[in-house]
>>> print(open('structure30.pdb').read())   # PDB, C-alpha atoms, pLDDT in the B column
ATOM      1  CA  MET W   1      53.203  34.553  -9.568  1.00 44.00           C
ATOM      2  CA  THR W   2      56.248  34.379 -11.840  1.00 45.00           C
ATOM      3  CA  ASN W   3      59.549  32.558 -11.565  1.00 46.00           C
ATOM      4  CA  GLY W   4      62.985  34.139 -11.627  1.00 45.00           C
ATOM      5  CA  ASP W   5      63.183  34.085 -15.439  1.00 53.00           C
ATOM      6  CA  ASP W   6      60.148  36.408 -15.774  1.00 67.00           C
ATOM      7  CA  VAL W   7      57.819  33.823 -17.244  1.00 67.00           C
ATOM      8  CA  PRO W   8      54.386  32.937 -15.891  1.00 65.00           C
ATOM      9  CA  ASP W   9      54.375  30.263 -13.247  1.00 63.00           C
ATOM     10  CA  PRO W  10      52.299  27.369 -14.614  1.00 62.00           C
ATOM     11  CA  ARG W  11      51.144  26.624 -11.086  1.00 62.00           C
ATOM     12  CA  GLY W  12      49.407  30.005 -10.875  1.00 64.00           C
ATOM     13  CA  GLY W  13      46.756  29.250 -13.491  1.00 68.00           C
ATOM     14  CA  PRO W  14      45.163  31.639 -16.046  1.00 74.00           C
ATOM     15  CA  ARG W  15      44.743  34.493 -13.607  1.00 72.00           C
ATOM     16  CA  ALA W  16      48.431  34.555 -12.735  1.00 73.00           C
ATOM     17  CA  ALA W  17      49.340  34.344 -16.423  1.00 70.00           C
ATOM     18  CA  LEU W  18      47.118  37.338 -17.196  1.00 70.00           C
ATOM     19  CA  ALA W  19      48.619  39.332 -14.332  1.00 74.00           C
ATOM     20  CA  TRP W  20      52.095  38.542 -15.641  1.00 73.00           C
ATOM     21  CA  PHE W  21      51.100  39.599 -19.162  1.00 70.00           C
ATOM     22  CA  LEU W  22      49.834  42.959 -17.908  1.00 70.00           C
ATOM     23  CA  ARG W  23      52.858  43.879 -15.816  1.00 73.00           C
ATOM     24  CA  THR W  24      55.894  42.157 -17.331  1.00 77.00           C
ATOM     25  CA  ASP W  25      58.644  44.184 -18.987  1.00 74.00           C
ATOM     26  CA  HIS W  26      59.543  41.373 -21.395  1.00 73.00           C
ATOM     27  CA  GLY W  27      60.203  43.010 -24.796  1.00 72.00           C
ATOM     28  CA  ALA W  28      58.045  40.753 -26.952  1.00 74.00           C
ATOM     29  CA  VAL W  29      55.130  40.947 -24.548  1.00 70.00           C
ATOM     30  CA  LEU W  30      55.450  44.734 -24.339  1.00 72.00           C
ATOM     31  CA  PHE W  31      55.169  44.926 -28.136  1.00 69.00           C
ATOM     32  CA  VAL W  32      52.076  42.713 -28.215  1.00 73.00           C
ATOM     33  CA  ARG W  33      50.513  44.601 -25.322  1.00 71.00           C
ATOM     34  CA  GLU W  34      51.027  47.986 -27.004  1.00 68.00           C
ATOM     35  CA  ALA W  35      49.680  46.667 -30.317  1.00 69.00           C
ATOM     36  CA  VAL W  36      46.561  45.284 -28.638  1.00 68.00           C
ATOM     37  CA  SER W  37      46.073  48.523 -26.712  1.00 64.00           C
ATOM     38  CA  SER W  38      46.379  50.626 -29.876  1.00 63.00           C
ATOM     39  CA  ALA W  39      43.960  48.383 -31.765  1.00 64.00           C
ATOM     40  CA  LEU W  40      41.407  48.612 -28.971  1.00 65.00           C
ATOM     41  CA  THR W  41      41.737  52.397 -28.884  1.00 61.00           C
ATOM     42  CA  VAL W  42      41.179  52.662 -32.627  1.00 60.00           C
ATOM     43  CA  ALA W  43      38.206  50.306 -32.395  1.00 62.00           C
ATOM     44  CA  MET W  44      36.652  52.341 -29.575  1.00 63.00           C
ATOM     45  CA  VAL W  45      37.094  55.596 -31.505  1.00 60.00           C
ATOM     46  CA  GLY W  46      35.551  53.972 -34.596  1.00 59.00           C
ATOM     47  CA  LEU W  47      32.576  52.704 -32.601  1.00 63.00           C
ATOM     48  CA  LEU W  48      32.087  56.135 -31.053  1.00 59.00           C
ATOM     49  CA  LEU W  49      32.102  57.826 -34.458  1.00 58.00           C
ATOM     50  CA  PHE W  50      29.692  55.208 -35.779  1.00 55.00           C
ATOM     51  CA  ALA W  51      27.362  55.798 -32.821  1.00 58.00           C
ATOM     52  CA  VAL W  52      27.350  59.529 -33.563  1.00 56.00           C
ATOM     53  CA  SER W  53      27.100  59.326 -37.362  1.00 57.00           C
ATOM     54  CA  GLY W  54      25.051  56.188 -37.956  1.00 61.00           C
ATOM     55  CA  VAL W  55      27.232  55.546 -41.035  1.00 72.00           C
ATOM     56  CA  TRP W  56      30.037  53.040 -41.581  1.00 69.00           C
ATOM     57  CA  PRO W  57      32.680  54.011 -42.370  1.00 75.00           C
ATOM     58  CA  PRO W  58      32.051  57.440 -40.811  1.00 77.00           C
ATOM     59  CA  LEU W  59      35.192  58.940 -42.370  1.00 83.00           C
ATOM     60  CA  VAL W  60      36.036  59.213 -46.057  1.00 87.00           C
ATOM     61  CA  ALA W  61      39.068  60.613 -47.861  1.00 89.00           C
ATOM     62  CA  VAL W  62      38.547  62.978 -50.794  1.00 90.00           C
ATOM     63  CA  GLU W  63      40.478  61.649 -53.767  1.00 88.00           C
ATOM     64  CA  SER W  64      40.012  64.415 -56.334  1.00 84.00           C
ATOM     65  CA  GLY W  65      39.166  68.067 -56.748  1.00 90.00           C
ATOM     66  CA  SER W  66      35.584  68.471 -57.942  1.00 92.00           C
ATOM     67  CA  MET W  67      34.483  70.154 -54.695  1.00 94.00           C
ATOM     68  CA  GLN W  68      37.213  72.782 -54.652  1.00 93.00           C
ATOM     69  CA  PRO W  69      37.489  75.304 -53.112  1.00 94.00           C
ATOM     70  CA  ASN W  70      35.176  73.996 -50.375  1.00 95.00           C
ATOM     71  CA  MET W  71      36.859  70.598 -50.153  1.00 94.00           C
ATOM     72  CA  GLU W  72      40.376  69.733 -51.199  1.00 91.00           C
ATOM     73  CA  ARG W  73      42.044  66.530 -52.311  1.00 89.00           C
ATOM     74  CA  GLY W  74      43.340  64.730 -49.266  1.00 89.00           C
ATOM     75  CA  ASP W  75      40.668  66.078 -46.900  1.00 92.00           C
ATOM     76  CA  LEU W  76      39.236  63.644 -44.377  1.00 89.00           C
ATOM     77  CA  VAL W  77      35.470  64.133 -44.203  1.00 91.00           C
ATOM     78  CA  PHE W  78      33.094  63.080 -41.423  1.00 89.00           C
ATOM     79  CA  VAL W  79      29.841  61.723 -42.865  1.00 91.00           C
ATOM     80  CA  MET W  80      26.546  61.457 -40.991  1.00 89.00           C
ATOM     81  CA  GLU W  81      23.320  59.629 -41.717  1.00 84.00           C
ATOM     82  CA  GLU W  82      21.271  62.162 -43.651  1.00 83.00           C
ATOM     83  CA  GLN W  83      18.143  61.874 -41.504  1.00 75.00           C
ATOM     84  CA  ARG W  84      19.926  62.674 -38.232  1.00 82.00           C
ATOM     85  CA  PHE W  85      19.330  66.248 -37.089  1.00 82.00           C
ATOM     86  CA  ALA W  86      17.723  67.094 -40.440  1.00 81.00           C
ATOM     87  CA  PRO W  87      15.939  70.480 -40.525  1.00 89.00           C
ATOM     88  CA  GLU W  88      12.195  70.572 -41.057  1.00 92.00           C
ATOM     89  CA  TYR W  89      12.606  71.996 -44.545  1.00 94.00           C
ATOM     90  CA  ALA W  90      14.547  68.976 -45.815  1.00 94.00           C
ATOM     91  CA  THR W  91      13.138  67.314 -48.934  1.00 95.00           C
ATOM     92  CA  GLY W  92      10.308  65.024 -47.842  1.00 92.00           C
ATOM     93  CA  ASP W  93      11.597  62.353 -45.474  1.00 92.00           C
ATOM     94  CA  THR W  94      15.027  62.178 -47.151  1.00 94.00           C
ATOM     95  CA  GLY W  95      16.730  64.426 -44.603  1.00 93.00           C
ATOM     96  CA  VAL W  96      18.553  66.247 -47.433  1.00 97.00           C
ATOM     97  CA  VAL W  97      18.351  70.006 -47.997  1.00 97.00           C
ATOM     98  CA  THR W  98      18.710  71.028 -51.633  1.00 97.00           C
ATOM     99  CA  HIS W  99      20.551  74.109 -52.871  1.00 96.00           C
ATOM    100  CA  GLU W 100      17.216  75.441 -54.125  1.00 92.00           C
ATOM    101  CA  THR W 101      15.606  75.248 -50.661  1.00 96.00           C
ATOM    102  CA  ALA W 102      18.736  76.309 -48.792  1.00 96.00           C
ATOM    103  CA  VAL W 103      18.885  79.631 -50.664  1.00 95.00           C
ATOM    104  CA  ARG W 104      15.421  80.485 -49.316  1.00 94.00           C
ATOM    105  CA  GLN W 105      16.180  79.259 -45.797  1.00 95.00           C
ATOM    106  CA  GLY W 106      19.671  80.675 -45.410  1.00 95.00           C
ATOM    107  CA  TYR W 107      21.086  77.178 -44.845  1.00 95.00           C
ATOM    108  CA  SER W 108      24.739  76.627 -45.745  1.00 94.00           C
ATOM    109  CA  GLN W 109      27.178  73.719 -45.695  1.00 94.00           C
ATOM    110  CA  PHE W 110      30.816  73.774 -46.825  1.00 94.00           C
ATOM    111  CA  GLY W 111      30.742  77.293 -48.161  1.00 93.00           C
ATOM    112  CA  GLY W 112      27.520  77.082 -50.160  1.00 95.00           C
ATOM    113  CA  PRO W 113      23.754  76.555 -49.930  1.00 97.00           C
ATOM    114  CA  GLY W 114      22.512  72.975 -49.621  1.00 96.00           C
ATOM    115  CA  ASP W 115      23.785  69.651 -48.351  1.00 96.00           C
ATOM    116  CA  VAL W 116      26.844  67.887 -49.704  1.00 97.00           C
ATOM    117  CA  VAL W 117      26.078  64.170 -49.964  1.00 96.00           C
ATOM    118  CA  VAL W 118      28.036  60.998 -50.534  1.00 95.00           C
ATOM    119  CA  TYR W 119      26.181  58.829 -53.035  1.00 96.00           C
ATOM    120  CA  LYS W 120      26.554  55.667 -55.097  1.00 95.00           C
ATOM    121  CA  PRO W 121      26.477  56.511 -58.842  1.00 96.00           C
ATOM    122  CA  TYR W 122      23.511  54.748 -60.449  1.00 96.00           C
ATOM    123  CA  GLY W 123      23.078  52.975 -57.108  1.00 95.00           C
ATOM    124  CA  ASN W 124      26.090  50.771 -57.906  1.00 94.00           C
ATOM    125  CA  ALA W 125      27.901  49.885 -54.680  1.00 89.00           C
ATOM    126  CA  ARG W 126      30.899  48.625 -56.680  1.00 89.00           C
ATOM    127  CA  GLN W 127      31.600  52.074 -58.102  1.00 89.00           C
ATOM    128  CA  THR W 128      33.556  54.614 -56.107  1.00 88.00           C
ATOM    129  CA  PRO W 129      31.134  56.894 -54.244  1.00 93.00           C
ATOM    130  CA  VAL W 130      30.859  60.543 -55.246  1.00 95.00           C
ATOM    131  CA  ILE W 131      30.651  63.547 -52.917  1.00 95.00           C
ATOM    132  CA  HIS W 132      28.779  66.462 -54.506  1.00 97.00           C
ATOM    133  CA  ARG W 133      26.265  69.140 -53.599  1.00 97.00           C
ATOM    134  CA  VAL W 134      22.535  68.520 -54.010  1.00 98.00           C
ATOM    135  CA  ARG W 135      20.987  71.127 -56.298  1.00 97.00           C
ATOM    136  CA  PHE W 136      17.281  70.248 -56.570  1.00 97.00           C
ATOM    137  CA  TRP W 137      14.751  67.402 -56.588  1.00 98.00           C
ATOM    138  CA  VAL W 138      13.002  66.017 -59.670  1.00 98.00           C
ATOM    139  CA  ASP W 139       9.971  63.727 -59.872  1.00 97.00           C
ATOM    140  CA  ASP W 140       9.697  60.632 -62.020  1.00 98.00           C
ATOM    141  CA  GLY W 141       9.171  61.680 -65.636  1.00 97.00           C
ATOM    142  CA  GLU W 142       9.622  65.382 -64.875  1.00 97.00           C
ATOM    143  CA  ASN W 143      10.889  67.773 -67.520  1.00 97.00           C
ATOM    144  CA  TRP W 144      13.477  69.451 -65.314  1.00 97.00           C
ATOM    145  CA  TYR W 145      15.089  71.551 -68.025  1.00 97.00           C
ATOM    146  CA  SER W 146      13.165  74.638 -66.850  1.00 93.00           C
ATOM    147  CA  LYS W 147      14.474  74.137 -63.289  1.00 94.00           C
ATOM    148  CA  ALA W 148      18.073  73.866 -64.419  1.00 96.00           C
ATOM    149  CA  ASP W 149      20.560  76.697 -64.398  1.00 96.00           C
ATOM    150  CA  PRO W 150      21.300  77.157 -68.124  1.00 95.00           C
ATOM    151  CA  ASP W 151      24.990  77.499 -67.297  1.00 95.00           C
ATOM    152  CA  TYR W 152      25.053  73.933 -65.952  1.00 97.00           C
ATOM    153  CA  VAL W 153      23.534  72.072 -68.901  1.00 96.00           C
ATOM    154  CA  ASP W 154      24.906  71.380 -72.355  1.00 92.00           C
ATOM    155  CA  ALA W 155      21.555  71.331 -74.161  1.00 94.00           C
ATOM    156  CA  ASP W 156      18.855  73.738 -75.325  1.00 94.00           C
ATOM    157  CA  SER W 157      15.859  71.517 -74.526  1.00 96.00           C
ATOM    158  CA  CYS W 158      14.823  68.583 -72.374  1.00 97.00           C
ATOM    159  CA  GLU W 159      14.982  66.273 -75.376  1.00 96.00           C
ATOM    160  CA  ALA W 160      18.639  67.153 -75.902  1.00 96.00           C
ATOM    161  CA  LEU W 161      19.514  66.881 -72.205  1.00 97.00           C
ATOM    162  CA  ARG W 162      20.747  63.610 -70.728  1.00 97.00           C
ATOM    163  CA  ASN W 163      18.393  62.143 -68.066  1.00 98.00           C
ATOM    164  CA  CYS W 164      15.554  64.446 -69.111  1.00 97.00           C
ATOM    165  CA  PRO W 165      12.685  63.717 -68.648  1.00 97.00           C
ATOM    166  CA  ALA W 166      13.815  62.219 -65.354  1.00 98.00           C
ATOM    167  CA  PRO W 167      13.951  58.394 -65.604  1.00 98.00           C
ATOM    168  CA  HIS W 168      12.977  58.279 -61.915  1.00 98.00           C
ATOM    169  CA  ALA W 169      12.632  60.608 -58.933  1.00 98.00           C
ATOM    170  CA  GLY W 170      15.812  61.806 -57.281  1.00 98.00           C
ATOM    171  CA  PHE W 171      18.296  64.592 -56.682  1.00 98.00           C
ATOM    172  CA  ILE W 172      20.180  66.575 -59.301  1.00 98.00           C
ATOM    173  CA  THR W 173      23.746  67.030 -58.069  1.00 98.00           C
ATOM    174  CA  LYS W 174      26.882  68.921 -59.017  1.00 97.00           C
ATOM    175  CA  GLY W 175      30.458  69.435 -57.835  1.00 96.00           C
ATOM    176  CA  ASP W 176      31.409  72.921 -56.637  1.00 96.00           C
ATOM    177  CA  ASN W 177      34.495  73.211 -58.845  1.00 95.00           C
ATOM    178  CA  GLU W 178      33.344  75.530 -61.642  1.00 93.00           C
ATOM    179  CA  LEU W 179      36.390  74.769 -63.786  1.00 92.00           C
ATOM    180  CA  THR W 180      36.163  70.971 -63.856  1.00 92.00           C
ATOM    181  CA  ASN W 181      32.496  70.422 -62.984  1.00 94.00           C
ATOM    182  CA  ASP W 182      30.720  72.919 -65.170  1.00 94.00           C
ATOM    183  CA  TYR W 183      27.594  70.757 -65.659  1.00 97.00           C
ATOM    184  CA  TYR W 184      25.231  68.811 -63.429  1.00 97.00           C
ATOM    185  CA  ASP W 185      26.270  65.220 -62.782  1.00 97.00           C
ATOM    186  CA  GLN W 186      23.124  64.057 -64.528  1.00 98.00           C
ATOM    187  CA  ALA W 187      23.887  66.151 -67.603  1.00 97.00           C
ATOM    188  CA  ARG W 188      27.373  64.619 -67.797  1.00 95.00           C
ATOM    189  CA  GLY W 189      26.261  61.035 -67.220  1.00 95.00           C
ATOM    190  CA  ILE W 190      28.018  60.630 -63.873  1.00 95.00           C
ATOM    191  CA  SER W 191      24.724  59.314 -62.504  1.00 97.00           C
ATOM    192  CA  SER W 192      21.025  59.408 -63.143  1.00 98.00           C
ATOM    193  CA  PRO W 193      18.995  61.423 -60.583  1.00 98.00           C
ATOM    194  CA  VAL W 194      20.227  60.272 -57.187  1.00 98.00           C
ATOM    195  CA  LYS W 195      17.592  58.214 -55.413  1.00 98.00           C
ATOM    196  CA  PRO W 196      17.411  58.703 -51.625  1.00 97.00           C
ATOM    197  CA  ALA W 197      18.402  55.044 -51.193  1.00 96.00           C
ATOM    198  CA  TRP W 198      21.680  55.757 -53.020  1.00 97.00           C
ATOM    199  CA  VAL W 199      22.708  58.441 -50.508  1.00 95.00           C
ATOM    200  CA  LYS W 200      25.227  57.114 -47.980  1.00 92.00           C
ATOM    201  CA  GLY W 201      25.120  60.258 -45.845  1.00 93.00           C
ATOM    202  CA  THR W 202      25.722  63.985 -45.668  1.00 93.00           C
ATOM    203  CA  ALA W 203      29.173  65.520 -45.251  1.00 94.00           C
ATOM    204  CA  GLU W 204      29.426  67.400 -41.964  1.00 90.00           C
ATOM    205  CA  TYR W 205      33.048  68.286 -41.191  1.00 86.00           C
ATOM    206  CA  ARG W 206      36.393  68.102 -42.909  1.00 91.00           C
ATOM    207  CA  LEU W 207      39.904  67.673 -41.558  1.00 86.00           C
ATOM    208  CA  PRO W 208      42.445  69.026 -44.065  1.00 89.00           C
ATOM    209  CA  TYR W 209      45.289  66.748 -45.214  1.00 77.00           C
ATOM    210  CA  LEU W 210      44.493  63.790 -42.969  1.00 82.00           C
ATOM    211  CA  GLY W 211      42.929  61.885 -45.862  1.00 80.00           C
ATOM    212  CA  TRP W 212      46.316  61.598 -47.547  1.00 78.00           C
ATOM    213  CA  VAL W 213      47.260  58.943 -45.000  1.00 73.00           C
ATOM    214  CA  ARG W 214      44.441  56.650 -46.077  1.00 70.00           C
ATOM    215  CA  LEU W 215      44.891  57.415 -49.768  1.00 72.00           C
ATOM    216  CA  THR W 216      48.620  56.769 -49.640  1.00 72.00           C
ATOM    217  CA  PHE W 217      48.264  53.443 -47.850  1.00 65.00           C
ATOM    218  CA  ALA W 218      45.532  52.463 -50.305  1.00 64.00           C
ATOM    219  CA  GLY W 219      47.851  53.329 -53.201  1.00 60.00           C
ATOM    220  CA  ALA W 220      45.102  55.514 -54.592  1.00 50.00           C
ATOM    221  CA  VAL W 221      46.925  58.795 -54.992  1.00 45.00           C
ATOM    222  CA  THR W 222      50.206  60.578 -54.410  1.00 39.00           C
ATOM    223  CA  PRO W 223      50.052  64.149 -53.055  1.00 37.00           C
ATOM    224  CA  GLY W 224      50.630  66.742 -55.752  1.00 36.00           C
ATOM    225  CA  THR W 225      49.727  64.478 -58.659  1.00 33.00           C
ATOM    226  CA  PRO W 226      46.561  64.486 -60.792  1.00 32.00           C
ATOM    227  CA  THR W 227      43.828  62.206 -59.508  1.00 33.00           C
ATOM    228  CA  GLY W 228      41.816  59.895 -61.699  1.00 32.00           C
ATOM    229  CA  VAL W 229      40.862  56.245 -61.653  1.00 29.00           C
ATOM    230  CA  GLU W 230      43.373  54.602 -59.333  1.00 30.00           C
ATOM    231  CA  SER W 231      43.996  51.149 -57.873  1.00 28.00           C
ATOM    232  CA  GLY W 232      41.250  49.559 -59.939  1.00 27.00           C
ATOM    233  CA  SER W 233      38.539  51.742 -58.471  1.00 29.00           C
ATOM    234  CA  VAL W 234      35.835  53.113 -60.739  1.00 30.00           C
ATOM    235  CA  ALA W 235      34.853  56.683 -60.039  1.00 38.00           C
ATOM    236  CA  ALA W 236      31.945  58.502 -61.644  1.00 34.00           C
ATOM    237  CA  GLY W 237      31.950  57.948 -65.398  1.00 37.00           C
ATOM    238  CA  ALA W 238      32.407  60.635 -67.974  1.00 38.00           C
ATOM    239  CA  SER W 239      29.486  61.704 -70.120  1.00 37.00           C
ATOM    240  CA  ASP W 240      30.569  59.465 -72.971  1.00 39.00           C
ATOM    241  CA  GLY W 241      30.643  56.400 -70.745  1.00 39.00           C
ATOM    242  CA  SER W 242      34.427  56.317 -70.485  1.00 37.00           C
ATOM    243  CA  PRO W 243      36.177  55.934 -67.115  1.00 38.00           C
ATOM    244  CA  ALA W 244      36.105  58.873 -64.774  1.00 42.00           C
ATOM    245  CA  ASN W 245      38.712  61.574 -64.795  1.00 40.00           C
ATOM    246  CA  ALA W 246      39.763  64.064 -62.166  1.00 36.00           C
ATOM    247  CA  THR W 247      36.505  66.024 -62.395  1.00 40.00           C
ATOM    248  CA  SER W 248      34.764  63.515 -60.142  1.00 43.00           C
ATOM    249  CA  THR W 249      35.355  63.337 -56.422  1.00 46.00           C
ATOM    250  CA  ALA W 250      36.067  59.760 -55.486  1.00 44.00           C
ATOM    251  CA  LEU W 251      36.082  58.599 -51.902  1.00 44.00           C
ATOM    252  CA  THR W 252      38.154  55.997 -50.187  1.00 46.00           C
ATOM    253  CA  PRO W 253      36.685  54.631 -46.937  1.00 41.00           C
ATOM    254  CA  VAL W 254      38.802  55.132 -43.851  1.00 32.00           C
ATOM    255  CA  THR W 255      38.527  52.064 -41.695  1.00 26.00           C
TER
END
>>> encode(input="structure30.pdb", output="structure tokens")
Amino acid sequence: MTNGDDVPDPRGGPRAALAWFLRTDHGAVLFVREAVSSALTVAMVGLLLFAVSGVWPPLVAVESGSMQPNMERGDLVFVMEEQRFAPEYATGDTGVVTHETAVRQGYSQFGGPGDVVVYKPYGNARQTPVIHRVRFWVDDGENWYSKADPDYVDADSCEALRNCPAPHAGFITKGDNELTNDYYDQARGISSPVKPAWVKGTAEYRLPYLGWVRLTFAGAVTPGTPTGVESGSVAAGASDGSPANATSTALTPVT
């Protein structure tokens, strides 16, 4: 019960107070009620996406253009645990399909053969994750120069090629943008071969433009401007060890 001033009657106890809270038209309470309702809705949607993807956060915002034209800056990308729904021809038990295998199997993601993965450069969780396409697998100590597309390396032998022989087993990766990402990540020093444990998930779907909301609130990027290292984040490093430039695709988690 409530009194004539639309405040909970202290004689009614907690149940009466809750009933008043749920049905009163008092302005301040309406604001709090709507805020709580919105927060619960967002939380439920987040939990649902997590249940489907197995990855947290399940949504990431693309900060730069190394995956153009198949992903654009400001895209919101849904990421899924790589071993969920993986085809039988995925590499070992990694759940990841390489470009090399996908060409044979007719498997395509985001406009090209092979999975696009989100990974931690050098396994460093403090660096901004990178989203690039997986090209092929290399074993520990392997001379992978003969596997490489000569257009994507800046060397004429394994000895002259960064990360060759492979310092450990992992994936060779590359951005799709042929203008800014002309070499493999491992040839440029963005990362050593990507160990399966460094993979955060595979990109599954993209929602154009919606990532700008997260990037803008994070202060990471302004639409229409070049994208590089922003807000103290460290994206994939350049081949000379300097901070990343716009040729890497940095991700900002959407929480």
>>> atom_distance(input="structure30.pdb", atom1="atom CA of Val130 of chain W", atom2="atom CA of Ala169 of chain W")
18.6 Å
>>> resolve_selection(input="structure30.pdb", expression="the PyMOL selection byres ((chain W and resi 118) around 8)", output="MDAnalysis selection string")
chainID W and resid 79 116:117 119:120 129:132 199:203
>>> resolve_selection(input="structure30.pdb", expression="the PyMOL selection byres ((chain W and resi 139) around 8)", output="list in words")
Trp137, Val138, Asp140, Gly141, Glu142, Ala166, His168, Ala169 and Gly170 of chain W
>>> write_last_selection(input="structure30.pdb", atoms="C-alpha atoms", output="short mmCIF file (atom, residue, chain, number, x, y, z; two decimals), in the coordinates of the input")
data_model
loop_
_atom_site.label_atom_id
_atom_site.label_comp_id
_atom_site.auth_asym_id
_atom_site.auth_seq_id
_atom_site.Cartn_x
_atom_site.Cartn_y
_atom_site.Cartn_z
CA TRP W 137 14.75 67.40 -56.59
CA VAL W 138 13.00 66.02 -59.67
CA ASP W 140 9.70 60.63 -62.02
CA GLY W 141 9.17 61.68 -65.64
CA GLU W 142 9.62 65.38 -64.88
CA ALA W 166 13.82 62.22 -65.35
CA HIS W 168 12.98 58.28 -61.92
CA ALA W 169 12.63 60.61 -58.93
CA GLY W 170 15.81 61.81 -57.28
#
>>> axis_aligned_box(input="structure30.pdb", around="segment 88-104 of chain W", padding_each_side="4 Å", output="AutoDock Vina command-line options")
--center_x 15.4 --center_y 71.3 --center_z -47.6 --size_x 18.2 --size_y 26.3 --size_z 21.1
>>> resolve_selection(input="structure30.pdb", expression="the PyMOL selection byres ((chain W and resi 124) around 12)", output="JSON list (two decimals) with C-alpha atoms, keeping the file's coordinate frame")
[["chain", "number", "residue", "atom", "x", "y", "z"],
["W", 119, "TYR", "CA", 26.18, 58.83, -53.04],
["W", 120, "LYS", "CA", 26.55, 55.67, -55.10],
["W", 121, "PRO", "CA", 26.48, 56.51, -58.84],
["W", 122, "TYR", "CA", 23.51, 54.75, -60.45],
["W", 123, "GLY", "CA", 23.08, 52.98, -57.11],
["W", 125, "ALA", "CA", 27.90, 49.88, -54.68],
["W", 126, "ARG", "CA", 30.90, 48.62, -56.68],
["W", 127, "GLN", "CA", 31.60, 52.07, -58.10],
["W", 128, "THR", "CA", 33.56, 54.61, -56.11],
["W", 129, "PRO", "CA", 31.13, 56.89, -54.24],
["W", 130, "VAL", "CA", 30.86, 60.54, -55.25],
["W", 190, "ILE", "CA", 28.02, 60.63, -63.87],
["W", 191, "SER", "CA", 24.72, 59.31, -62.50],
["W", 192, "SER", "CA", 21.02, 59.41, -63.14],
["W", 194, "VAL", "CA", 20.23, 60.27, -57.19],
["W", 195, "LYS", "CA", 17.59, 58.21, -55.41],
["W", 197, "ALA", "CA", 18.40, 55.04, -51.19],
["W", 198, "TRP", "CA", 21.68, 55.76, -53.02],
["W", 199, "VAL", "CA", 22.71, 58.44, -50.51],
["W", 200, "LYS", "CA", 25.23, 57.11, -47.98],
["W", 234, "VAL", "CA", 35.84, 53.11, -60.74],
["W", 235, "ALA", "CA", 34.85, 56.68, -60.04],
["W", 236, "ALA", "CA", 31.94, 58.50, -61.64],
["W", 237, "GLY", "CA", 31.95, 57.95, -65.40]]
>>> residues_around(input="structure30.pdb", residues="Cys158 of chain W", least_positions_apart="6", cutoff="12 Å", atoms="all atoms listed in the file", output="PyMOL selection string")
chain W and resi 141-148+150+164-166+187
>>> atom_distance(input="structure30.pdb", atom1="atom CA of Leu179 of chain W", atom2="atom CA of Phe78 of chain W")
25.4 Å
>>> atom_distance(input="structure30.pdb", atom1="atom CA of Gly92 of chain W", atom2="atom CA of Gly189 of chain W")
25.4 Å
>>> residues_around(input="structure30.pdb", residues="Asp151 of chain W", least_positions_apart="2", cutoff="8 Å", atoms="all atoms listed in the file", output="NGL selection string")
:W and (149 or 153-154 or 182-183)
>>> closest_residue(input="structure30.pdb", among="W:Val32, W:Tyr152, W:Arg214, W:Glu204", to="Asn177 of chain W", atoms="all atoms listed in the file")
W:Tyr152
>>> closest_residue(input="structure30.pdb", among="W:Glu159, W:Asp185, W:Glu100, W:Glu178", to="Arg135 of chain W", atoms="only C-alpha atoms")
W:Glu100
